[in-house]
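Structure data (compact mmCIF, C-alpha atoms) from coords.txt:
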```txt
# COMPACT_ATOMS: atom_id res chain seq x y z
CA MET A 1143 77.72 148.74 67.97
CA THR A 1144 78.66 150.83 64.94
CA THR A 1145 76.38 153.81 64.36
CA SER A 1146 75.04 154.99 61.02
CA THR A 1147 77.54 157.85 61.11
CA GLY A 1148 80.47 155.49 61.56
CA PHE A 1149 81.62 155.73 65.18
CA ASP A 1150 81.54 152.84 67.65
CA VAL A 1151 79.54 152.64 70.88
CA ARG A 1152 81.15 149.97 73.06
CA ARG A 1153 79.06 149.05 76.09
CA THR A 1154 81.14 148.82 79.27
CA GLY A 1155 78.47 147.51 81.65
CA GLY A 1156 75.20 145.67 81.49
CA ARG A 1157 73.22 148.54 82.99
CA ILE A 1158 75.27 151.70 82.50
CA GLY A 1159 78.16 153.07 80.52
CA ALA A 1160 79.71 153.01 77.06
CA GLU A 1161 82.96 154.14 75.48
CA ILE A 1162 82.74 156.10 72.25
CA HIS A 1163 85.40 155.37 69.63
CA GLY A 1164 85.95 157.02 66.29
CA VAL A 1165 84.86 160.56 67.21
CA ASP A 1166 87.33 163.44 67.47
CA LEU A 1167 85.73 166.00 69.78
CA ARG A 1168 88.21 168.65 68.65
CA ALA A 1169 86.55 168.67 65.21
CA ASP A 1170 83.31 170.36 64.17
CA LEU A 1171 80.77 167.59 64.66
CA ASP A 1172 78.01 167.01 62.14
CA PRO A 1173 74.50 167.38 63.63
CA ALA A 1174 73.83 163.71 62.82
CA VAL A 1175 76.82 162.69 64.94
CA VAL A 1176 75.62 164.86 67.82
CA SER A 1177 72.15 163.30 67.54
CA GLU A 1178 73.59 159.79 67.72
CA ILE A 1179 75.79 160.72 70.69
CA ASN A 1180 72.69 162.04 72.43
CA SER A 1181 70.83 158.81 71.66
CA ALA A 1182 73.72 156.82 73.11
CA LEU A 1183 73.65 159.05 76.19
CA LEU A 1184 69.95 158.41 76.74
CA GLU A 1185 70.50 154.67 76.43
CA HIS A 1186 73.74 154.25 78.39
CA LYS A 1187 73.49 157.23 80.79
CA ALA A 1188 77.27 157.85 80.81
CA LEU A 1189 79.69 158.05 77.87
CA VAL A 1190 83.49 157.95 78.03
CA PHE A 1191 85.60 159.58 75.29
CA ARG A 1192 89.23 158.52 75.71
CA ASP A 1193 92.32 160.64 74.93
CA GLN A 1194 90.48 163.59 73.41
CA GLN A 1195 92.99 166.18 74.68
CA LEU A 1196 90.47 169.03 74.60
CA ASP A 1197 91.33 172.48 75.85
CA GLU A 1198 88.90 174.72 77.73
CA ALA A 1199 87.36 176.12 74.55
CA GLY A 1200 86.93 172.63 73.14
CA GLN A 1201 85.13 171.37 76.23
CA LEU A 1202 82.81 174.37 76.19
CA ARG A 1203 82.11 173.92 72.48
CA PHE A 1204 81.31 170.21 72.89
CA ALA A 1205 79.06 170.68 75.93
CA SER A 1206 77.14 173.45 74.18
CA LEU A 1207 76.10 171.02 71.44
CA PHE A 1208 73.60 169.57 73.95
CA GLY A 1209 72.02 172.83 75.07
CA GLU A 1210 72.64 176.16 76.72
CA LEU A 1211 75.35 176.08 79.39
CA THR A 1212 75.09 177.01 83.04
CA THR A 1213 77.70 179.05 84.81
CA ALA A 1214 80.17 177.02 86.85
CA HIS A 1215 78.17 176.74 90.08
CA PRO A 1216 75.57 178.69 92.07
CA THR A 1217 78.05 179.53 94.87
CA VAL A 1218 81.56 178.24 94.06
CA PRO A 1219 83.94 180.31 91.86
CA SER A 1220 84.77 179.29 88.31
CA VAL A 1221 88.11 178.93 86.56
CA ASP A 1222 89.61 182.40 86.13
CA GLY A 1223 88.27 183.97 82.95
CA ARG A 1224 85.98 181.00 82.22
CA PRO A 1225 82.67 181.59 84.04
CA GLN A 1226 81.17 178.30 82.80
CA ILE A 1227 83.98 175.99 83.98
CA LEU A 1228 84.15 174.61 87.53
CA PRO A 1229 87.58 173.40 88.67
CA VAL A 1230 87.27 170.08 90.53
CA ASP A 1231 90.59 170.27 92.32
CA GLY A 1232 91.53 167.82 95.06
CA ASP A 1233 94.21 170.22 96.28
CA GLU A 1234 91.55 172.87 96.90
CA GLY A 1235 89.44 170.63 99.12
CA ILE A 1236 86.94 169.65 96.42
CA ARG A 1237 86.57 165.94 97.09
CA ALA A 1238 83.01 164.87 96.35
CA ASN A 1239 83.21 161.49 98.05
CA THR A 1240 79.46 161.22 98.66
CA TRP A 1241 76.90 159.97 96.16
CA HIS A 1242 75.06 162.91 94.61
CA THR A 1243 73.50 164.35 91.47
CA ASP A 1244 74.93 167.73 90.47
CA VAL A 1245 73.26 170.83 91.93
CA THR A 1246 69.89 169.30 92.83
CA PHE A 1247 69.46 171.91 95.56
CA VAL A 1248 68.23 174.40 92.91
CA ARG A 1249 64.93 174.19 91.03
CA THR A 1250 66.55 173.53 87.64
CA PRO A 1251 69.50 171.13 88.06
CA PRO A 1252 71.73 170.53 85.04
CA LYS A 1253 70.57 168.34 82.18
CA ALA A 1254 74.03 166.87 81.64
CA SER A 1255 77.56 167.22 82.95
CA THR A 1256 80.92 166.94 81.21
CA LEU A 1257 84.11 166.17 83.13
CA ARG A 1258 87.52 166.58 81.51
CA SER A 1259 90.64 165.10 83.10
CA ILE A 1260 93.67 167.35 83.30
CA VAL A 1261 95.77 165.93 86.15
CA VAL A 1262 95.09 162.40 87.38
CA PRO A 1263 96.86 160.48 90.14
CA PRO A 1264 98.78 157.28 89.29
CA TYR A 1265 96.31 155.33 91.39
CA GLY A 1266 92.83 156.03 92.78
CA GLY A 1267 90.87 159.13 91.88
CA ASN A 1268 88.26 157.27 89.81
CA THR A 1269 84.71 158.53 89.28
CA LEU A 1270 81.76 156.21 89.93
CA ILE A 1271 78.47 156.85 88.09
CA ALA A 1272 75.23 155.05 88.99
CA ASN A 1273 72.05 154.42 86.97
CA SER A 1274 69.12 155.65 89.09
CA GLY A 1275 66.62 154.42 86.50
CA ALA A 1276 67.75 150.82 86.97
CA ALA A 1277 67.59 151.43 90.72
CA TYR A 1278 63.94 152.44 90.45
CA ARG A 1279 63.11 149.32 88.43
CA ASP A 1280 64.84 147.17 91.05
CA LEU A 1281 62.53 148.40 93.81
CA PRO A 1282 59.88 145.93 94.98
CA GLU A 1283 56.45 147.07 93.82
CA PRO A 1284 55.31 148.37 97.25
CA LEU A 1285 58.46 150.53 97.50
CA ARG A 1286 58.01 151.81 93.93
CA GLU A 1287 54.43 152.81 94.69
CA LEU A 1288 55.58 154.59 97.86
CA ALA A 1289 58.46 156.36 96.10
CA ASP A 1290 56.12 157.58 93.34
CA ARG A 1291 54.19 159.64 95.91
CA LEU A 1292 57.11 161.08 97.92
CA TRP A 1293 58.88 164.43 97.71
CA ALA A 1294 62.28 165.26 99.17
CA VAL A 1295 63.91 168.51 100.26
CA HIS A 1296 67.34 169.07 98.71
CA THR A 1297 69.75 171.61 100.18
CA ASN A 1298 73.35 172.70 99.71
CA ALA A 1299 73.84 173.07 103.46
CA TYR A 1300 74.67 169.38 103.74
CA ASP A 1301 76.18 166.57 101.65
CA TYR A 1302 79.86 166.51 100.73
CA ALA A 1303 80.08 170.25 101.26
CA ALA A 1304 79.69 169.77 105.01
CA PRO A 1305 82.18 167.31 106.47
CA ALA A 1306 82.08 166.96 110.23
CA ALA A 1307 85.50 168.59 110.46
CA PRO A 1308 87.12 170.04 107.30
CA ALA A 1309 90.42 168.29 106.68
CA SER A 1310 92.28 171.49 105.79
CA GLU A 1311 92.00 175.25 105.66
CA LYS A 1312 91.29 175.02 101.91
CA ALA A 1313 88.49 172.52 102.54
CA ALA A 1314 87.02 174.81 105.18
CA GLU A 1315 87.10 177.76 102.76
CA HIS A 1316 85.42 175.65 100.07
CA ARG A 1317 82.71 174.70 102.56
CA LYS A 1318 82.19 178.39 103.42
CA GLN A 1319 81.81 179.29 99.74
CA PHE A 1320 79.52 176.35 99.07
CA VAL A 1321 76.95 177.45 101.65
CA SER A 1322 77.39 181.21 101.16
CA ARG A 1323 73.93 181.30 99.58
CA LYS A 1324 71.49 178.74 100.96
CA TYR A 1325 69.05 176.80 98.81
CA ARG A 1326 66.23 174.41 99.72
CA THR A 1327 64.16 172.89 96.93
CA ALA A 1328 61.41 170.24 96.88
CA HIS A 1329 61.89 167.59 94.18
CA PRO A 1330 59.94 164.40 93.48
CA VAL A 1331 61.69 161.28 94.80
CA VAL A 1332 60.84 159.73 91.43
CA ARG A 1333 61.63 161.96 88.46
CA VAL A 1334 60.22 161.32 84.99
CA HIS A 1335 62.93 161.80 82.37
CA PRO A 1336 61.79 164.58 80.01
CA GLU A 1337 63.16 162.91 76.86
CA THR A 1338 62.57 159.19 77.44
CA GLY A 1339 59.76 159.07 80.01
CA GLU A 1340 61.88 156.72 82.12
CA ARG A 1341 61.42 156.93 85.87
CA GLY A 1342 64.44 157.25 88.15
CA LEU A 1343 65.17 157.81 91.83
CA PHE A 1344 66.03 161.50 92.11
CA ILE A 1345 67.73 161.65 95.49
CA GLY A 1346 71.43 161.57 96.44
CA GLY A 1347 73.38 163.43 99.10
CA PHE A 1348 71.61 166.77 98.74
CA ALA A 1349 68.26 165.08 99.55
CA GLN A 1350 68.10 165.52 103.30
CA SER A 1351 64.46 164.93 104.27
CA ILE A 1352 61.14 163.58 103.04
CA ILE A 1353 58.25 166.04 103.08
CA GLY A 1354 55.66 165.00 105.63
CA LEU A 1355 58.01 162.73 107.59
CA GLY A 1356 60.25 163.35 110.58
CA PRO A 1357 64.05 163.23 110.53
CA SER A 1358 64.33 159.59 111.61
CA GLU A 1359 61.79 158.26 109.08
CA SER A 1360 63.31 160.45 106.36
CA ARG A 1361 66.81 159.10 106.95
CA ASP A 1362 65.59 155.50 106.98
CA LEU A 1363 63.62 155.81 103.75
CA LEU A 1364 66.33 157.71 101.92
CA ARG A 1365 68.88 155.11 103.05
CA ILE A 1366 66.69 152.29 101.68
CA PHE A 1367 66.14 153.99 98.33
CA GLN A 1368 69.79 154.99 98.05
CA SER A 1369 70.93 151.40 98.66
CA TYR A 1370 69.26 150.43 95.37
CA VAL A 1371 71.06 153.20 93.46
CA THR A 1372 74.49 152.08 94.65
CA ARG A 1373 74.15 148.36 93.96
CA PRO A 1374 77.36 147.27 92.16
CA GLU A 1375 75.49 146.19 89.03
CA ASN A 1376 74.20 149.76 88.60
CA ILE A 1377 77.63 151.41 88.69
CA LEU A 1378 80.20 152.43 86.08
CA ARG A 1379 83.75 153.05 87.36
CA VAL A 1380 85.73 155.51 85.24
CA ALA A 1381 89.49 155.08 85.63
CA TRP A 1382 90.77 158.41 84.36
CA GLN A 1383 93.63 158.97 81.96
CA PRO A 1384 94.82 162.49 81.08
CA GLY A 1385 92.79 163.93 78.22
CA ASP A 1386 89.64 161.86 78.79
CA LEU A 1387 86.17 163.39 78.72
CA VAL A 1388 83.04 161.91 80.30
CA LEU A 1389 79.49 163.00 79.48
CA PHE A 1390 76.70 161.84 81.79
CA ASP A 1391 72.95 162.42 82.03
CA ASN A 1392 72.44 164.31 85.28
CA ARG A 1393 68.69 163.64 85.21
CA ILE A 1394 68.97 159.91 85.81
CA THR A 1395 72.40 159.27 87.39
CA GLN A 1396 74.33 159.87 90.57
CA HIS A 1397 78.11 159.99 90.89
CA TYR A 1398 80.84 159.67 93.52
CA ALA A 1399 84.56 160.42 93.56
CA PRO A 1400 86.31 158.21 96.14
CA ASP A 1401 88.88 160.10 98.21
CA ASP A 1402 91.49 157.37 97.84
CA TYR A 1403 94.51 159.15 96.39
CA GLY A 1404 96.03 160.77 99.49
CA ASP A 1405 97.93 163.99 98.84
CA LEU A 1406 98.39 163.34 95.13
CA PRO A 1407 97.11 166.04 92.71
CA ARG A 1408 93.85 165.50 90.85
CA LEU A 1409 92.24 168.13 88.64
CA LEU A 1410 89.15 167.86 86.47
CA HIS A 1411 87.16 170.61 84.80
CA ARG A 1412 83.35 170.43 84.83
CA VAL A 1413 80.97 172.09 82.36
CA THR A 1414 77.22 171.56 82.75
CA VAL A 1415 74.31 171.89 80.35
CA ALA A 1416 71.26 173.77 81.66
CA GLY A 1417 68.27 171.61 82.54
CA ASP A 1418 64.56 172.00 83.06
CA VAL A 1419 62.35 171.79 86.15
CA PRO A 1420 61.96 168.15 87.28
CA ALA A 1421 58.50 166.58 87.13
CA GLY A 1422 57.08 163.77 89.23
CA VAL A 1423 54.97 160.87 88.02
CA ASP A 1424 51.78 162.98 88.24
CA GLY A 1425 53.35 165.87 86.35
CA THR A 1426 53.82 168.11 89.39
CA LEU A 1427 56.94 170.28 89.07
CA SER A 1428 59.66 170.94 91.64
CA HIS A 1429 59.39 174.14 93.67
CA ILE A 1430 61.61 176.43 95.71
CA ILE A 1431 61.34 176.35 99.51
CA GLU A 1432 64.21 178.69 100.37
CA GLY A 1433 66.51 180.80 98.22
CA ASP A 1434 66.01 182.27 94.77
CA ASP A 1435 65.53 180.74 91.33
CA ALA A 1436 69.33 180.65 90.72
CA ALA A 1437 68.89 182.53 87.44
CA HIS A 1438 72.53 183.70 87.78
CA TYR A 1439 73.52 180.02 87.49
CA THR A 1440 71.16 178.45 84.97
CA PRO A 1441 69.40 180.20 82.09
CA ALA A 1442 66.57 177.65 82.31
CA ALA A 1443 65.46 179.31 85.55
CA ALA A 1444 64.85 182.70 83.97
```
Could you write out this file's structure as structure tokens?
Amino acid sequence: MTTSTGFDVRRTGGRIGAEIHGVDLRADLDPAVVSEINSALLEHKALVFRDQQLDEAGQLRFASLFGELTTAHPTVPSVDGRPQILPVDGDEGIRANTWHTDVTFVRTPPKASTLRSIVVPPYGGNTLIANSGAAYRDLPEPLRELADRLWAVHTNAYDYAAPAAPASEKAAEHRKQFVSRKYRTAHPVVRVHPETGERGLFIGGFAQSIIGLGPSESRDLLRIFQSYVTRPENILRVAWQPGDLVLFDNRITQHYAPDDYGDLPRLLHRVTVAGDVPAGVDGTLSHIIEGDDAAHYTPAAA
């Protein structure tokens, strides 16, 4: 599809993903172009911009076109001198090989995330992104009705930050930093997208329990719902090349980085756009159970 401003949106999957051609992200983008990119993001959930060769300043400038930026992470250090950039470095033990949505353990998770490839392995190291809106629509009606009423507790004390046995000293140090400040937040299992009104399953690896249910029932229900998110037809696989940038809607996707590249180097930089407080189908907003409002991380919390 060619947009009114002249760039091409080439769908890469039936349910999620498009590549954007004809836009140079190093240039000053016209507001009309930004608006059409945002429209494509809302429709396709994840956009791939090939061979953009942005530097740190360019990634920050592009991400900021979609809203105020967060700092790098609530607990993990940023790139030196760049407080809004998180290094996703396989050599430092950051291997997020569990399905998750970024930073859902705080009350205001990011609106959108950008990932920029700097060093990519010759094989493996892809990023998988799933459409949680399509997953919700796939649920049988009785499961949709149940999900609409449920709330889940999200926490940073689990998920990919807590492997059973850290594989290295660097991984153990990353784990220690990740849980240095503990958060527990209640979010609706079904989130209503604030721009489109679309409903999506808002769960992932940080969702550890269902409010009102015991551990066994929580695990079983979360496993069932999660199995719909990760159906192959709902997934985009991004095979990175150096200089690529991916923009995805953190409000209605999950992602996963398979740890399938051994000891090879892999380095991405992440910049996230501040989001709002999630709302359930009845309009009830997420709330903090443990920890603070993470105002040091996201300006939306202030």
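Straight-line separation from atom CA of Arg1157 of chain A to atom CA of Trp1382 of chain A: 20.2 Å.
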Closest-contact table, segment 1397-1434 of chain A side, partner segment 1338-1349 of chain A, 9 Å, counting only C-alpha atoms, as a Markdown table:
```
| residue | atom | partner | partner_atom | distance |
| --- | --- | --- | --- | --- |
| A:His1397 | CA | A:Gly1346 | CA | 8.8 |
| A:Gly1422 | CA | A:Arg1341 | CA | 8.8 |
| A:Val1423 | CA | A:Arg1341 | CA | 7.9 |
```
Open item on the list: Tell me which residues come within 10 Å of (79.6, 170.2, 73.9), as JSON, numbers by chain, counting only C-alpha atoms in the file's coordinates.
Closed with: {"A": [1167, 1171, 1176, 1199, 1200, 1201, 1202, 1203, 1204, 1205, 1206, 1207, 1208, 1209, 1210, 1211, 1255, 1256, 1389, 1413, 1414, 1415]}
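The list of residues with at least one atom within 12 Å of Asp1280 of chain A, based on all atoms listed in the file and without residues fewer than 5 positions apart in the same chain, reads Arg1157, Asn1273, Ser1274, Gly1275, Leu1285, Arg1286, Arg1341, Gly1342, Leu1343, Ile1366, Phe1367, Gln1368, Ser1369, Tyr1370, Val1371, Thr1372, Arg1373, Glu1375 and Asn1376 of chain A.
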Open item on the list: For a test of reading the model, state the distance in Å between atom CA of Arg1365 of chain A and atom CA of Tyr1403 of chain A, rounded to one decimal.
Closed with: 26.8 Å
Task: segment 1321-1337 of chain A environment, 9 Å, all atoms listed in the file, sequence neighbours closer than 5 positions dropped, as a ChimeraX atom specification - done: /A:1184,1216-1218,1246-1249,1278,1286,1289-1300,1303-1304,1316,1342-1345,1349,1352-1353,1393-1394,1418,1420-1423,1425-1434,1436
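What separates atom CA of Asp1405 of chain A from atom CA of Gly1267 of chain A is a distance of 11.0 Å.
Among the candidates A:Pro1225, A:Pro1400, A:Pro1219, A:Pro1173, the residue lying nearest to Tyr1265 of chain A is A:Pro1400 (atoms considered: only C-alpha atoms).
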TODO: With a distance cut-off of 12 Å and only C-alpha atoms, select the neighbouring residues of Ser1220 of chain A, excluding the residue or stretch itself and same-chain residues fewer than 5 positions from it, and output the selection as a ChimeraX atom specification.
DONE: /A:1212-1215,1225-1231,1319,1411-1413,1439
- [ ] Would you mind listing what lies within 12 Å of Gly1159 of chain A as a PyMOL selection string, with all atoms listed in the file counted and same-chain residues fewer than 5 positions away left out?
- [x] chain A and resi 1151-1154+1182-1191+1270-1273+1375-1380+1388-1391+1395
Quick one: axis-aligned box around all listed atoms of segment 1422-1432 of chain A, 5 Å on every side, centre and edge lengths in Å to one decimal, written as lines of an AutoDock Vina configuration file.
```
center_x = 58.0
center_y = 169.8
center_z = 93.4
size_x = 22.4
size_y = 27.8
size_z = 24.0
```
Can you patch up segment 1355-1380 of chain A, filling it in to N, CA, C and O atoms, and show the result as a CSV table (one decimal), keeping the file's coordinate frame?
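Resulting contents of selection-v5.csv:
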```csv
chain,number,residue,atom,x,y,z
A,1355,LEU,N,57.4,163.7,106.6
A,1355,LEU,CA,58.0,162.7,107.6
A,1355,LEU,C,59.0,163.4,108.5
A,1355,LEU,O,59.6,164.4,108.1
A,1356,GLY,N,59.3,162.8,109.7
A,1356,GLY,CA,60.2,163.4,110.6
A,1356,GLY,C,61.7,163.0,110.2
A,1356,GLY,O,61.9,162.2,109.2
A,1357,PRO,N,62.6,163.5,110.9
A,1357,PRO,CA,64.0,163.2,110.5
A,1357,PRO,C,64.4,161.8,110.5
A,1357,PRO,O,65.1,161.3,109.6
A,1358,SER,N,64.0,161.0,111.5
A,1358,SER,CA,64.3,159.6,111.6
A,1358,SER,C,63.7,158.8,110.5
A,1358,SER,O,64.4,158.0,109.8
A,1359,GLU,N,62.4,159.0,110.2
A,1359,GLU,CA,61.8,158.3,109.1
A,1359,GLU,C,62.4,158.7,107.7
A,1359,GLU,O,62.6,157.8,106.8
A,1360,SER,N,62.7,160.0,107.6
A,1360,SER,CA,63.3,160.4,106.4
A,1360,SER,C,64.6,159.8,106.1
A,1360,SER,O,64.9,159.3,105.0
A,1361,ARG,N,65.5,159.7,107.1
A,1361,ARG,CA,66.8,159.1,107.0
A,1361,ARG,C,66.7,157.6,106.6
A,1361,ARG,O,67.4,157.1,105.7
A,1362,ASP,N,65.7,156.9,107.3
A,1362,ASP,CA,65.6,155.5,107.0
A,1362,ASP,C,65.1,155.3,105.6
A,1362,ASP,O,65.6,154.4,104.9
A,1363,LEU,N,64.1,156.0,105.1
A,1363,LEU,CA,63.6,155.8,103.8
A,1363,LEU,C,64.7,156.2,102.7
A,1363,LEU,O,64.8,155.5,101.7
A,1364,LEU,N,65.3,157.3,102.9
A,1364,LEU,CA,66.3,157.7,101.9
A,1364,LEU,C,67.5,156.7,101.9
A,1364,LEU,O,68.0,156.4,100.8
A,1365,ARG,N,67.8,156.1,103.0
A,1365,ARG,CA,68.9,155.1,103.0
A,1365,ARG,C,68.4,153.9,102.3
A,1365,ARG,O,69.2,153.3,101.5
A,1366,ILE,N,67.2,153.5,102.4
A,1366,ILE,CA,66.7,152.3,101.7
A,1366,ILE,C,66.7,152.6,100.2
A,1366,ILE,O,67.2,151.7,99.4
A,1367,PHE,N,66.2,153.7,99.8
A,1367,PHE,CA,66.1,154.0,98.3
A,1367,PHE,C,67.6,154.1,97.8
A,1367,PHE,O,67.9,153.6,96.7
A,1368,GLN,N,68.4,154.8,98.5
A,1368,GLN,CA,69.8,155.0,98.0
A,1368,GLN,C,70.5,153.7,97.9
A,1368,GLN,O,71.4,153.5,97.0
A,1369,SER,N,70.2,152.7,98.7
A,1369,SER,CA,70.9,151.4,98.7
A,1369,SER,C,70.7,150.7,97.3
A,1369,SER,O,71.5,149.9,96.9
A,1370,TYR,N,69.5,151.0,96.7
A,1370,TYR,CA,69.3,150.4,95.4
A,1370,TYR,C,70.1,151.2,94.3
A,1370,TYR,O,70.5,150.5,93.3
A,1371,VAL,N,70.3,152.5,94.4
A,1371,VAL,CA,71.1,153.2,93.5
A,1371,VAL,C,72.5,152.7,93.4
A,1371,VAL,O,73.1,152.5,92.3
A,1372,THR,N,73.1,152.4,94.6
A,1372,THR,CA,74.5,152.1,94.6
A,1372,THR,C,74.8,150.6,94.6
A,1372,THR,O,75.9,150.2,95.0
A,1373,ARG,N,73.8,149.8,94.2
A,1373,ARG,CA,74.2,148.4,94.0
A,1373,ARG,C,75.3,148.3,92.9
A,1373,ARG,O,75.3,149.0,91.9
A,1374,PRO,N,76.2,147.3,93.1
A,1374,PRO,CA,77.4,147.3,92.2
A,1374,PRO,C,77.0,147.1,90.7
A,1374,PRO,O,77.6,147.7,89.8
A,1375,GLU,N,75.9,146.4,90.4
A,1375,GLU,CA,75.5,146.2,89.0
A,1375,GLU,C,75.0,147.5,88.4
A,1375,GLU,O,74.9,147.5,87.1
A,1376,ASN,N,74.7,148.5,89.1
A,1376,ASN,CA,74.2,149.8,88.6
A,1376,ASN,C,75.3,150.8,88.4
A,1376,ASN,O,75.0,151.9,88.0
A,1377,ILE,N,76.5,150.4,88.6
A,1377,ILE,CA,77.6,151.4,88.7
A,1377,ILE,C,78.7,151.2,87.6
A,1377,ILE,O,79.1,150.1,87.3
A,1378,LEU,N,79.1,152.3,87.0
A,1378,LEU,CA,80.2,152.4,86.1
A,1378,LEU,C,81.4,153.1,86.8
A,1378,LEU,O,81.2,154.1,87.5
A,1379,ARG,N,82.5,152.5,86.8
A,1379,ARG,CA,83.8,153.0,87.4
A,1379,ARG,C,84.6,153.6,86.2
A,1379,ARG,O,85.1,152.8,85.4
A,1380,VAL,N,84.9,154.9,86.2
A,1380,VAL,CA,85.7,155.5,85.2
A,1380,VAL,C,87.1,155.7,85.8
A,1380,VAL,O,87.3,156.4,86.8
```
